[in-house]
>>> print(open('my_file-v1.cif').read())   # mmCIF, C-alpha atoms and all ligand atoms
data_my_file
#
loop_
_atom_site.label_atom_id
_atom_site.label_comp_id
_atom_site.auth_asym_id
_atom_site.auth_seq_id
_atom_site.Cartn_x
_atom_site.Cartn_y
_atom_site.Cartn_z
CA MET A 974 -200.02 -12.41 -27.66
CA LYS A 975 -196.55 -12.90 -29.08
CA PRO A 976 -193.79 -12.77 -26.44
CA TYR A 977 -192.19 -9.69 -28.06
CA HIS A 978 -192.89 -7.16 -30.78
CA ARG A 979 -189.53 -5.90 -31.99
CA ASP A 980 -187.18 -7.41 -34.51
CA THR A 981 -184.18 -7.23 -32.21
CA TRP A 982 -183.18 -10.11 -30.00
CA VAL A 983 -180.33 -11.80 -28.18
CA GLU A 984 -179.93 -15.43 -29.10
CA ILE A 985 -178.50 -17.76 -26.45
CA GLU A 986 -177.19 -21.15 -27.59
CA LEU A 987 -177.79 -23.40 -24.61
CA ASP A 988 -175.77 -26.20 -26.21
CA ALA A 989 -172.72 -23.94 -26.06
CA ILE A 990 -173.12 -23.58 -22.28
CA ALA A 991 -173.26 -27.37 -21.90
CA GLU A 992 -170.24 -27.85 -24.19
CA ASN A 993 -168.14 -25.34 -22.26
CA ILE A 994 -168.95 -27.06 -18.96
CA LYS A 995 -168.08 -30.48 -20.40
CA ASN A 996 -164.82 -29.19 -21.88
CA LEU A 997 -163.74 -27.81 -18.51
CA GLN A 998 -164.87 -30.99 -16.73
CA ARG A 999 -162.58 -33.06 -18.96
CA ARG A 1000 -159.65 -30.91 -17.89
CA LEU A 1001 -160.30 -30.89 -14.13
CA ASN A 1002 -159.46 -33.67 -11.67
CA ASP A 1003 -162.33 -36.08 -11.07
CA GLU A 1004 -162.78 -34.77 -7.50
CA THR A 1005 -163.26 -31.15 -8.62
CA ASP A 1006 -166.86 -30.04 -9.18
CA ILE A 1007 -168.10 -27.07 -11.19
CA PHE A 1008 -170.26 -24.34 -9.68
CA ALA A 1009 -171.89 -22.18 -12.36
CA VAL A 1010 -171.59 -18.43 -11.71
CA VAL A 1011 -174.88 -16.79 -12.75
CA LYS A 1012 -174.59 -13.40 -11.01
CA ALA A 1013 -175.75 -10.28 -12.89
CA ASP A 1014 -178.49 -12.20 -14.71
CA ALA A 1015 -175.89 -14.77 -15.83
CA TYR A 1016 -173.62 -12.06 -17.28
CA GLY A 1017 -176.64 -10.84 -19.27
CA HIS A 1018 -177.53 -14.32 -20.58
CA GLY A 1019 -180.54 -14.97 -18.28
CA ASP A 1020 -180.06 -16.46 -14.80
CA LEU A 1021 -182.82 -19.11 -14.70
CA GLN A 1022 -182.21 -20.54 -18.16
CA ILE A 1023 -178.43 -20.65 -17.67
CA ALA A 1024 -178.66 -22.12 -14.15
CA ARG A 1025 -180.97 -24.88 -15.40
CA GLU A 1026 -178.80 -25.67 -18.42
CA ALA A 1027 -175.58 -25.65 -16.35
CA LEU A 1028 -177.06 -28.07 -13.81
CA ARG A 1029 -178.30 -30.34 -16.61
CA ALA A 1030 -174.80 -30.29 -18.10
CA GLY A 1031 -173.15 -31.40 -14.87
CA ALA A 1032 -172.59 -28.33 -12.70
CA THR A 1033 -173.28 -29.27 -9.07
CA GLY A 1034 -174.11 -25.84 -7.68
CA ILE A 1035 -174.70 -22.17 -8.39
CA ASP A 1036 -172.83 -19.02 -7.35
CA VAL A 1037 -174.37 -15.55 -7.29
CA ALA A 1038 -173.27 -12.20 -5.88
CA LEU A 1039 -176.45 -11.07 -4.10
CA LEU A 1040 -179.00 -12.63 -1.78
CA ASP A 1041 -181.82 -11.40 -4.04
CA GLU A 1042 -180.27 -13.25 -6.98
CA ALA A 1043 -180.22 -16.43 -4.91
CA LEU A 1044 -183.83 -15.96 -3.75
CA ARG A 1045 -184.97 -15.50 -7.33
CA LEU A 1046 -183.40 -18.84 -8.27
CA ARG A 1047 -184.99 -20.62 -5.29
CA ARG A 1048 -188.42 -19.08 -6.04
CA ASN A 1049 -188.16 -20.41 -9.57
CA GLY A 1050 -187.51 -23.97 -8.52
CA ILE A 1051 -183.70 -24.26 -8.51
CA GLN A 1052 -182.94 -26.80 -5.77
CA ALA A 1053 -179.17 -27.21 -6.20
CA PRO A 1054 -176.76 -25.69 -3.67
CA ILE A 1055 -176.59 -21.89 -4.06
CA HIS A 1056 -173.81 -19.77 -2.61
CA VAL A 1057 -173.87 -15.97 -2.32
CA MET A 1058 -170.26 -14.84 -2.88
CA GLY A 1059 -170.78 -11.25 -1.70
CA TRP A 1060 -171.67 -9.74 1.67
CA ILE A 1061 -175.22 -9.95 2.94
CA ARG A 1062 -176.77 -7.99 5.82
CA PRO A 1063 -176.68 -10.02 9.03
CA GLU A 1064 -180.39 -9.29 9.58
CA ASP A 1065 -181.15 -11.12 6.32
CA ALA A 1066 -179.51 -14.33 7.59
CA PRO A 1067 -182.85 -15.90 8.67
CA LEU A 1068 -184.16 -15.49 5.11
CA ALA A 1069 -181.05 -17.15 3.66
CA ALA A 1070 -181.38 -20.02 6.15
CA ASP A 1071 -185.10 -20.46 5.33
CA HIS A 1072 -184.20 -20.95 1.67
CA ASP A 1073 -181.12 -23.09 2.27
CA ILE A 1074 -178.84 -20.48 0.70
CA SER A 1075 -175.17 -20.55 1.68
CA VAL A 1076 -173.63 -17.16 2.44
CA THR A 1077 -170.21 -15.57 2.84
CA PHE A 1078 -168.76 -14.22 6.08
CA PHE A 1079 -165.56 -12.61 7.28
CA HIS A 1080 -166.51 -10.25 10.16
CA LYS A 1081 -166.63 -11.24 13.82
CA GLU A 1082 -169.42 -8.73 14.52
CA TRP A 1083 -171.46 -10.09 11.63
CA LEU A 1084 -171.19 -13.60 13.04
CA GLU A 1085 -172.16 -12.43 16.52
CA THR A 1086 -175.26 -10.69 15.16
CA VAL A 1087 -176.31 -13.77 13.16
CA GLN A 1088 -175.84 -15.94 16.22
CA SER A 1089 -178.11 -13.66 18.25
CA LEU A 1090 -181.01 -14.04 15.80
CA SER A 1091 -183.66 -16.73 15.65
CA LEU A 1092 -183.13 -19.04 12.63
CA SER A 1093 -185.37 -21.84 11.30
CA LYS A 1094 -182.30 -24.00 10.62
CA PRO A 1095 -178.51 -23.57 10.69
CA LEU A 1096 -177.17 -21.09 8.16
CA LYS A 1097 -174.47 -22.52 5.87
CA LEU A 1098 -171.38 -20.31 5.86
CA HIS A 1099 -168.38 -19.92 3.58
CA MET A 1100 -165.43 -18.10 5.13
CA LYS A 1101 -163.80 -15.67 2.69
CA TRP A 1102 -160.02 -15.34 2.78
CA ASP A 1103 -158.46 -12.27 1.18
CA THR A 1104 -155.18 -13.62 -0.14
CA GLY A 1105 -154.45 -10.59 -2.33
CA MET A 1106 -157.61 -9.47 -4.12
CA GLY A 1107 -158.07 -6.80 -1.44
CA ARG A 1108 -161.85 -6.77 -1.75
CA ILE A 1109 -163.54 -8.76 1.02
CA GLY A 1110 -162.27 -11.44 3.39
CA ILE A 1111 -159.98 -12.00 6.35
CA ARG A 1112 -156.27 -11.41 5.84
CA THR A 1113 -154.60 -12.81 8.95
CA ILE A 1114 -154.39 -15.97 11.05
CA GLU A 1115 -155.50 -13.88 14.05
CA GLU A 1116 -158.74 -12.92 12.30
CA MET A 1117 -159.28 -16.57 11.36
CA GLN A 1118 -158.64 -17.69 14.91
CA ALA A 1119 -161.18 -15.19 16.26
CA LEU A 1120 -163.84 -16.42 13.83
CA LEU A 1121 -163.13 -20.09 14.47
CA GLU A 1122 -163.40 -19.63 18.24
CA LEU A 1123 -166.78 -18.04 17.80
CA LEU A 1124 -168.10 -20.45 15.17
CA PRO A 1125 -169.46 -23.42 17.10
CA HIS A 1126 -173.09 -22.36 17.51
CA GLU A 1127 -176.47 -23.93 16.72
CA ASN A 1128 -177.33 -21.15 14.24
CA VAL A 1129 -174.46 -21.72 11.84
CA MET A 1130 -172.53 -24.42 10.03
CA LEU A 1131 -169.14 -23.86 8.38
CA GLU A 1132 -169.67 -25.31 4.92
CA GLY A 1133 -166.87 -23.79 2.88
CA ILE A 1134 -163.65 -21.79 2.60
CA PHE A 1135 -162.79 -19.71 -0.44
CA THR A 1136 -160.58 -17.05 -1.95
CA HIS A 1137 -160.47 -15.14 -5.23
CA PHE A 1138 -157.49 -14.48 -7.53
CA ALA A 1139 -156.70 -11.01 -8.87
CA THR A 1140 -154.40 -11.96 -11.76
CA ALA A 1141 -155.23 -15.55 -12.81
CA ASP A 1142 -155.90 -14.24 -16.34
CA GLU A 1143 -152.45 -12.63 -16.80
CA VAL A 1144 -149.57 -14.56 -18.29
CA GLU A 1145 -146.77 -12.01 -18.00
CA ALA A 1146 -144.30 -12.50 -15.16
CA GLU A 1147 -145.72 -10.03 -12.64
CA GLY A 1148 -149.29 -11.29 -12.92
CA GLU A 1149 -148.21 -14.90 -12.76
CA ALA A 1150 -146.01 -14.27 -9.71
CA TYR A 1151 -148.92 -12.54 -7.95
CA TYR A 1152 -151.15 -15.51 -8.72
CA GLN A 1153 -148.55 -17.90 -7.26
CA ALA A 1154 -148.17 -15.73 -4.16
CA GLN A 1155 -151.94 -15.73 -3.59
CA GLU A 1156 -152.03 -19.49 -3.94
CA GLN A 1157 -149.16 -19.87 -1.52
CA ARG A 1158 -150.86 -17.57 0.97
CA PHE A 1159 -154.05 -19.60 0.63
CA ASN A 1160 -152.17 -22.84 1.32
CA GLU A 1161 -150.49 -21.37 4.41
CA MET A 1162 -153.87 -20.25 5.76
CA LEU A 1163 -155.32 -23.67 4.90
CA ASP A 1164 -152.52 -25.50 6.77
CA TYR A 1165 -153.27 -23.48 9.86
CA PHE A 1166 -157.04 -23.89 9.43
CA ARG A 1167 -156.65 -27.68 9.30
CA THR A 1168 -154.84 -27.73 12.65
CA GLN A 1169 -157.83 -25.90 14.17
CA TRP A 1170 -160.78 -27.41 12.36
CA PRO A 1171 -160.89 -31.18 11.86
CA GLU A 1172 -164.29 -31.27 10.12
CA GLU A 1173 -164.63 -31.47 6.33
CA VAL A 1174 -165.22 -28.19 4.52
CA HIS A 1175 -165.76 -27.39 0.88
CA ILE A 1176 -162.73 -25.57 -0.54
CA HIS A 1177 -162.90 -23.50 -3.70
CA THR A 1178 -160.40 -21.02 -5.13
CA GLY A 1179 -160.56 -20.86 -8.91
CA ASN A 1180 -162.47 -18.62 -11.30
CA SER A 1181 -162.55 -19.38 -15.05
CA ALA A 1182 -158.95 -18.34 -15.68
CA ALA A 1183 -157.46 -20.28 -12.76
CA SER A 1184 -159.56 -23.38 -13.38
CA MET A 1185 -158.69 -23.56 -17.07
CA ARG A 1186 -154.98 -22.72 -16.67
CA PHE A 1187 -154.18 -24.62 -13.47
CA PRO A 1188 -156.82 -27.39 -13.30
CA GLU A 1189 -154.61 -29.68 -11.23
CA LYS A 1190 -154.36 -27.01 -8.48
CA MET A 1191 -158.11 -26.74 -7.97
CA HIS A 1192 -159.77 -28.08 -4.80
CA ASP A 1193 -163.35 -29.34 -4.26
CA SER A 1194 -164.94 -27.06 -6.82
CA VAL A 1195 -164.31 -24.14 -9.15
CA ARG A 1196 -166.46 -21.07 -9.76
CA PHE A 1197 -166.94 -21.08 -13.52
CA GLY A 1198 -168.19 -17.73 -14.83
CA ILE A 1199 -167.10 -16.00 -18.02
CA SER A 1200 -165.82 -19.11 -19.80
CA MET A 1201 -169.01 -21.06 -19.18
CA TYR A 1202 -170.48 -18.42 -21.53
CA GLY A 1203 -167.80 -19.25 -24.09
CA LEU A 1204 -165.68 -16.13 -23.54
CA TYR A 1205 -162.04 -15.94 -22.51
CA PRO A 1206 -161.27 -13.93 -19.37
CA SER A 1207 -158.53 -11.95 -21.15
CA PRO A 1208 -156.66 -11.79 -24.47
CA ASP A 1209 -153.76 -13.56 -22.68
CA VAL A 1210 -155.91 -16.58 -21.89
CA ARG A 1211 -157.46 -16.46 -25.34
CA ALA A 1212 -153.99 -16.71 -26.87
CA GLN A 1213 -153.25 -19.76 -24.68
CA GLN A 1214 -156.54 -21.52 -25.57
CA PRO A 1215 -156.42 -23.78 -22.49
CA ILE A 1216 -159.80 -25.27 -23.42
CA GLU A 1217 -162.10 -24.99 -26.41
CA LEU A 1218 -164.93 -22.52 -25.84
CA HIS A 1219 -168.14 -21.80 -27.72
CA PRO A 1220 -169.73 -18.36 -27.27
CA ALA A 1221 -173.41 -18.64 -26.40
CA PHE A 1222 -174.45 -15.01 -26.95
CA SER A 1223 -175.34 -13.26 -30.20
CA LEU A 1224 -177.28 -10.06 -30.89
CA GLN A 1225 -179.46 -9.76 -33.98
CA SER A 1226 -181.75 -7.20 -35.54
CA ARG A 1227 -183.31 -6.30 -38.90
CA LEU A 1228 -183.17 -3.20 -41.08
CA VAL A 1229 -186.23 -1.01 -40.61
CA HIS A 1230 -185.36 1.57 -43.28
CA VAL A 1231 -183.07 1.74 -46.32
CA LYS A 1232 -182.39 4.86 -48.40
CA LYS A 1233 -179.90 6.38 -50.79
CA ILE A 1234 -178.28 9.66 -49.74
CA ASN A 1235 -176.37 12.17 -51.85
CA PRO A 1236 -172.74 13.26 -51.52
CA GLY A 1237 -172.33 15.63 -48.54
CA GLU A 1238 -175.66 14.78 -46.88
CA ALA A 1239 -175.41 14.44 -43.10
CA LEU A 1240 -176.66 11.86 -40.62
CA SER A 1241 -177.80 11.79 -36.99
CA TYR A 1242 -177.30 14.04 -33.95
CA GLY A 1243 -174.46 16.51 -34.23
CA ILE A 1244 -174.04 15.67 -37.95
CA THR A 1245 -170.77 13.85 -37.25
CA TYR A 1246 -171.04 11.99 -40.57
CA ARG A 1247 -171.44 13.20 -44.16
CA ALA A 1248 -171.74 10.92 -47.18
CA GLY A 1249 -168.57 10.80 -49.29
CA GLY A 1250 -170.54 9.96 -52.43
CA GLU A 1251 -173.93 8.45 -53.18
CA GLU A 1252 -174.45 5.96 -50.38
CA TRP A 1253 -177.00 3.36 -49.28
CA ILE A 1254 -177.82 3.85 -45.61
CA GLY A 1255 -179.67 1.36 -43.41
CA THR A 1256 -181.34 2.09 -40.09
CA VAL A 1257 -181.03 -0.50 -37.31
CA PRO A 1258 -183.59 -0.23 -34.44
CA VAL A 1259 -181.08 -0.65 -31.59
CA GLY A 1260 -179.49 2.09 -29.49
CA TYR A 1261 -177.87 3.08 -26.24
CA GLY A 1262 -181.24 2.53 -24.52
CA ASP A 1263 -180.59 -1.16 -25.20
CA GLY A 1264 -177.00 -0.91 -23.97
CA TRP A 1265 -175.59 -0.49 -27.50
CA ILE A 1266 -173.53 2.48 -26.34
CA ARG A 1267 -172.50 5.60 -28.31
CA LYS A 1268 -168.82 4.64 -28.17
CA LEU A 1269 -169.61 1.87 -30.68
CA GLN A 1270 -169.78 4.49 -33.45
CA GLY A 1271 -167.14 3.49 -36.02
CA MET A 1272 -167.50 -0.22 -35.22
CA HIS A 1273 -169.21 -2.44 -37.79
CA VAL A 1274 -172.11 -4.90 -37.88
CA LEU A 1275 -172.78 -7.70 -40.39
CA VAL A 1276 -175.32 -7.66 -43.22
CA ASP A 1277 -175.35 -10.33 -45.94
CA GLY A 1278 -172.19 -11.80 -44.39
CA LYS A 1279 -170.27 -8.52 -44.83
CA PRO A 1280 -169.11 -5.82 -42.37
CA MET A 1281 -171.02 -2.51 -42.59
CA GLU A 1282 -169.75 0.54 -40.67
CA ILE A 1283 -171.84 2.29 -38.05
CA VAL A 1284 -172.07 5.91 -39.26
CA GLY A 1285 -173.23 8.96 -37.34
CA ARG A 1286 -174.07 9.09 -33.65
CA ILE A 1287 -175.81 6.11 -32.11
CA CYS A 1288 -179.19 7.29 -30.78
CA MET A 1289 -181.19 5.91 -27.85
CA ASP A 1290 -183.22 3.51 -30.00
CA GLN A 1291 -181.63 3.47 -33.46
CA PHE A 1292 -178.41 3.80 -35.42
CA MET A 1293 -177.38 3.99 -39.06
CA ILE A 1294 -174.97 1.90 -41.12
CA ARG A 1295 -173.41 2.42 -44.53
CA LEU A 1296 -174.47 -0.42 -46.82
CA ASP A 1297 -172.56 -1.69 -49.87
CA GLN A 1298 -175.79 -1.84 -51.92
CA GLU A 1299 -179.54 -1.64 -51.51
CA TYR A 1300 -181.12 -4.19 -49.14
CA ALA A 1301 -184.77 -4.85 -48.36
CA VAL A 1302 -186.34 -3.69 -45.13
CA GLY A 1303 -186.27 -6.75 -42.85
CA GLU A 1304 -182.75 -7.81 -43.91
CA LYS A 1305 -180.99 -9.45 -40.95
CA VAL A 1306 -178.30 -7.46 -39.13
CA THR A 1307 -175.88 -9.24 -36.79
CA LEU A 1308 -174.46 -6.89 -34.15
CA ILE A 1309 -172.70 -9.62 -32.16
CA GLY A 1310 -171.97 -13.05 -33.63
CA SER A 1311 -171.32 -14.67 -37.01
CA GLN A 1312 -172.80 -14.38 -40.45
CA GLY A 1313 -171.19 -16.66 -43.00
CA ASP A 1314 -167.42 -16.50 -42.54
CA GLU A 1315 -167.50 -13.10 -40.84
CA CYS A 1316 -167.82 -12.56 -37.11
CA VAL A 1317 -168.18 -9.57 -34.80
CA SER A 1318 -167.03 -11.22 -31.62
CA ILE A 1319 -167.42 -10.04 -28.05
CA ASP A 1320 -163.61 -9.91 -28.00
CA ASP A 1321 -163.70 -7.43 -30.93
CA LEU A 1322 -166.24 -5.25 -29.14
CA ALA A 1323 -164.30 -5.38 -25.87
CA GLU A 1324 -161.19 -4.30 -27.74
CA HIS A 1325 -163.00 -1.45 -29.51
CA LEU A 1326 -164.41 -0.23 -26.18
CA ASP A 1327 -161.11 -0.75 -24.36
CA THR A 1328 -162.77 -3.03 -21.82
CA ILE A 1329 -163.08 -6.71 -20.91
CA THR A 1330 -165.37 -9.33 -22.47
CA TYR A 1331 -167.43 -9.53 -19.25
CA GLU A 1332 -168.86 -6.05 -19.76
CA ILE A 1333 -170.29 -6.65 -23.24
CA PRO A 1334 -173.17 -9.11 -22.62
CA CYS A 1335 -173.89 -7.40 -19.25
CA MET A 1336 -174.33 -4.16 -21.18
CA ILE A 1337 -177.14 -5.43 -23.43
CA ASN A 1338 -180.05 -4.78 -21.13
CA GLN A 1339 -183.49 -6.20 -20.41
CA ARG A 1340 -185.14 -4.18 -23.17
CA VAL A 1341 -183.75 -6.76 -25.61
CA PRO A 1342 -185.65 -10.07 -25.52
CA ARG A 1343 -183.61 -13.27 -25.08
CA LYS A 1344 -184.33 -16.27 -27.33
CA TYR A 1345 -183.05 -19.61 -26.02
CA VAL A 1346 -181.98 -22.09 -28.68
CA LYS A 1347 -181.23 -25.77 -28.17
CA ASP A 1348 -180.61 -28.33 -30.93
CA GLY A 1349 -181.33 -25.55 -33.44
CA LYS A 1350 -184.85 -24.98 -32.08
CA ILE A 1351 -186.19 -22.01 -30.12
CA LEU A 1352 -187.04 -23.34 -26.66
CA GLU A 1353 -188.22 -20.19 -24.97
CA VAL A 1354 -188.33 -16.41 -25.39
CA HIS A 1355 -187.79 -14.23 -22.33
CA ASN A 1356 -189.03 -10.63 -22.55
CA PRO A 1357 -189.10 -8.90 -19.14
CA LEU A 1358 -191.07 -5.96 -20.63
CA LEU A 1359 -194.19 -8.07 -21.08
CA GLU A 1360 -193.80 -10.46 -18.19
CA LYS A 1361 -196.06 -10.02 -15.19
CA SER A 1362 -194.24 -8.36 -12.33
C1 LIG B 1401 -167.55 -13.29 -10.55
C2 LIG B 1401 -166.76 -14.18 -9.67
C3 LIG B 1401 -166.28 -15.40 -10.17
C4 LIG B 1401 -166.38 -15.80 -11.62
O1 LIG B 1401 -165.26 -15.29 -12.31
P1 LIG B 1401 -165.03 -15.58 -13.87
O2 LIG B 1401 -163.77 -14.89 -14.17
O3 LIG B 1401 -166.20 -14.98 -14.58
O4 LIG B 1401 -164.99 -17.05 -14.03
C5 LIG B 1401 -165.65 -16.25 -9.28
N1 LIG B 1401 -165.51 -15.92 -7.99
C6 LIG B 1401 -165.92 -14.74 -7.48
C7 LIG B 1401 -165.71 -14.44 -6.04
C8 LIG B 1401 -166.56 -13.82 -8.31
O5 LIG B 1401 -166.97 -12.65 -7.81
#
>>> encode(input="my_file-v1.cif", output="structure tokens")
Amino acid sequence: MKPYHRDTWVEIELDAIAENIKNLQRRLNDETDIFAVVKADAYGHGDLQIAREALRAGATGIDVALLDEALRLRRNGIQAPIHVMGWIRPEDAPLAADHDISVTFFHKEWLETVQSLSLSKPLKLHMKWDTGMGRIGIRTIEEMQALLELLPHENVMLEGIFTHFATADEVEAEGEAYYQAQEQRFNEMLDYFRTQWPEEVHIHTGNSAASMRFPEKMHDSVRFGISMYGLYPSPDVRAQQPIELHPAFSLQSRLVHVKKINPGEALSYGITYRAGGEEWIGTVPVGYGDGWIRKLQGMHVLVDGKPMEIVGRICMDQFMIRLDQEYAVGEKVTLIGSQGDECVSIDDLAEHLDTITYEIPCMINQRVPRKYVKDGKILEVHNPLLEKS
């Protein structure tokens, strides 16, 4: 059986992932490692394939948001260090320890519960400091002191310290000042920590924006997410071009129907579109059921290296485009990516949807198979619909 039976697919250029990692590596200090962030199915790119490629390219560890994401990587043979950046339930600590998964902590009660459980080996912990993101983490020296007093225990090992920046991707004065203030707060907390804790710990602060813009300020590692995928964290950072990036993600399909319609004839639900004259209309078998949302009406896709407007409402499984001439059924349609000199970039889509680049590949869901390309050859096709559960 073929791995999929629809002419719509996401193509992932694994070489781009490797290039982006190497380009960041060249900019960082020699002592700073790269952890590849593959949460949310690697921002829609495919967690296992991206984790493997990132590690091959020189990443030394993996970051995810959820314990289940970490377990999936372990069950599929990823042996590198894995850190869960979000909160896990204390009762799941034994499972994390069994699989050598490092987890995040910041509550005294959480630590007490974990220490009361029976663990196969010490659980590796990263203490989260909230220096201004306001999401999770301790905010005061008193909270730190309480955790440190409690820490020495056979069940746990303090492996790392980390924080997360709220405005590392903003270049205007207010955002930049907030970034500096967070960094200063982190350094104050670190100074105090060092007077209390002589042992070595792994320190990591930067996301993509911070690690590309302030590489000399990074510590033992950075958490490289969006820009590993070749996307800039914000238009501000894109304008600065701190490192060269290659987008890995494209979305392709093929026309399934082509017809000529007469002036005034209507298209799709709610008849929001009527032909201005005689028009060639193509049907593309992609819709909001794939994550190609209705708000993309009015955007364009590429056919024959030219932009063609999406006309009429986008349906669950299909949408229509106005063509400049007749094309054969099977003609390639690029929804995200380049054709010839033209490109519909993830930045363009983010702008059209008034959102950030991160949301675009995450939006294209598991109904669309992923093809992995390396050295111009298809390595693997991943289609969750037909994989054994
Ligand atoms: C998602 C996430 C990252 C990665 O951020 P990018 O901007 O994608 O590089 C880093 N750290 C934490 C805590 C995160 O949640």
>>> closest_residue(input="my_file-v1.cif", among="A:Leu1352, A:Met1336, A:Ala1038, A:Ala1032", to="ligand LIG 1401 (chain B)", atoms="all atoms listed in the file")
A:Ala1038
>>> closest_residue(input="my_file-v1.cif", among="A:Phe1222, A:Trp1060, A:Trp1170, A:Phe1197", to="ligand LIG 1401 (chain B)", atoms="all atoms listed in the file")
A:Phe1197
>>> residues_near_point(input="my_file-v1.cif", point="(-176.8, -6.6, -27.2)", cutoff="8 Å", atoms="all atoms listed in the file", output="PyMOL selection string")
chain A and resi 982-983+1223-1225+1263-1265+1308-1309+1333-1334+1336-1338+1341
>>> residues_near_ligand(input="my_file-v1.cif", ligand="ligand LIG 1401 (chain B)", cutoff="9 Å", atoms="only C-alpha atoms and all ligand atoms", output="VMD selection string")
chain A and resid 1009 to 1012 1016 1036 to 1038 1058 to 1059 1135 to 1138 1141 to 1142 1178 to 1184 1195 to 1202 1205 to 1206 1331
>>> closest_residue(input="my_file-v1.cif", among="A:Arg1158, A:Lys1094, A:His1099, A:Lys1305", to="Phe1079 in chain A", atoms="all atoms listed in the file")
A:His1099
>>> axis_aligned_box(input="my_file-v1.cif", around="range 1317-1325 of chain A", padding_each_side="5 Å", output="AutoDock Vina command-line options")
--center_x -164.7 --center_y -6.3 --center_z -30.3 --size_x 17.0 --size_y 19.8 --size_z 18.9
>>> atom_distance(input="my_file-v1.cif", atom1="CA of Leu1296 in chain A", atom2="CA of Val1274 in chain A")
10.3 Å
>>> closest_residue(input="my_file-v1.cif", among="A:Glu984, A:Thr1113, A:Ile1051, A:His1126", to="Lys1350 in chain A", atoms="all atoms listed in the file")
A:Glu984
>>> atom_distance(input="my_file-v1.cif", atom1="CA of Arg1286 in chain A", atom2="CA of Ile1266 in chain A")
9.9 Å
>>> residues_around(input="my_file-v1.cif", residues="Val1317 in chain A", least_positions_apart="3", cutoff="8 Å", atoms="all atoms listed in the file", output="list in words")
His1273, Val1274, Leu1275, Thr1307, Leu1308, Ile1309, Gly1310, Ser1311, Asp1321 and Leu1322 of chain A
>>> atom_distance(input="my_file-v1.cif", atom1="CA of Asp1290 in chain A", atom2="CA of Arg1227 in chain A")
13.2 Å
>>> closest_residue(input="my_file-v1.cif", among="A:Asp1071, A:Glu1115, A:Glu1042, A:Asp988", to="Leu1096 in chain A", atoms="all atoms listed in the file")
A:Asp1071
>>> closest_residue(input="my_file-v1.cif", among="A:Ile1287, A:Ala1027, A:Ile1111, A:Leu1039", to="Leu1240 in chain A", atoms="all atoms listed in the file")
A:Ile1287
>>> residues_near_point(input="my_file-v1.cif", point="(-175.3, -24.6, 1.4)", cutoff="10 Å", atoms="all atoms listed in the file", output="VMD selection string")
chain A and resid 1034 1053 to 1057 1069 to 1070 1072 to 1076 1095 to 1099 1130 to 1133 1175
>>> decode(input="my_file-v1.cif", residues="range 998-1012 of chain A", atoms="C-alpha atoms", output="tab-separated table (two decimals), in the first residue's frame")
chain	number	residue	atom	x	y	z
A	998	GLN	CA	26.28	27.47	15.96
A	999	ARG	CA	28.73	29.68	14.05
A	1000	ARG	CA	27.33	32.72	15.82
A	1001	LEU	CA	27.29	31.34	19.39
A	1002	ASN	CA	30.28	31.06	21.73
A	1003	ASP	CA	32.01	27.67	21.58
A	1004	GLU	CA	30.75	26.80	25.09
A	1005	THR	CA	27.08	27.33	24.19
A	1006	ASP	CA	25.18	24.23	23.03
A	1007	ILE	CA	21.94	24.09	21.06
A	1008	PHE	CA	18.85	22.29	22.34
A	1009	ALA	CA	16.30	21.72	19.58
A	1010	VAL	CA	12.73	22.66	20.57
A	1011	VAL	CA	10.36	20.07	19.06
A	1012	LYS	CA	7.19	20.71	21.07
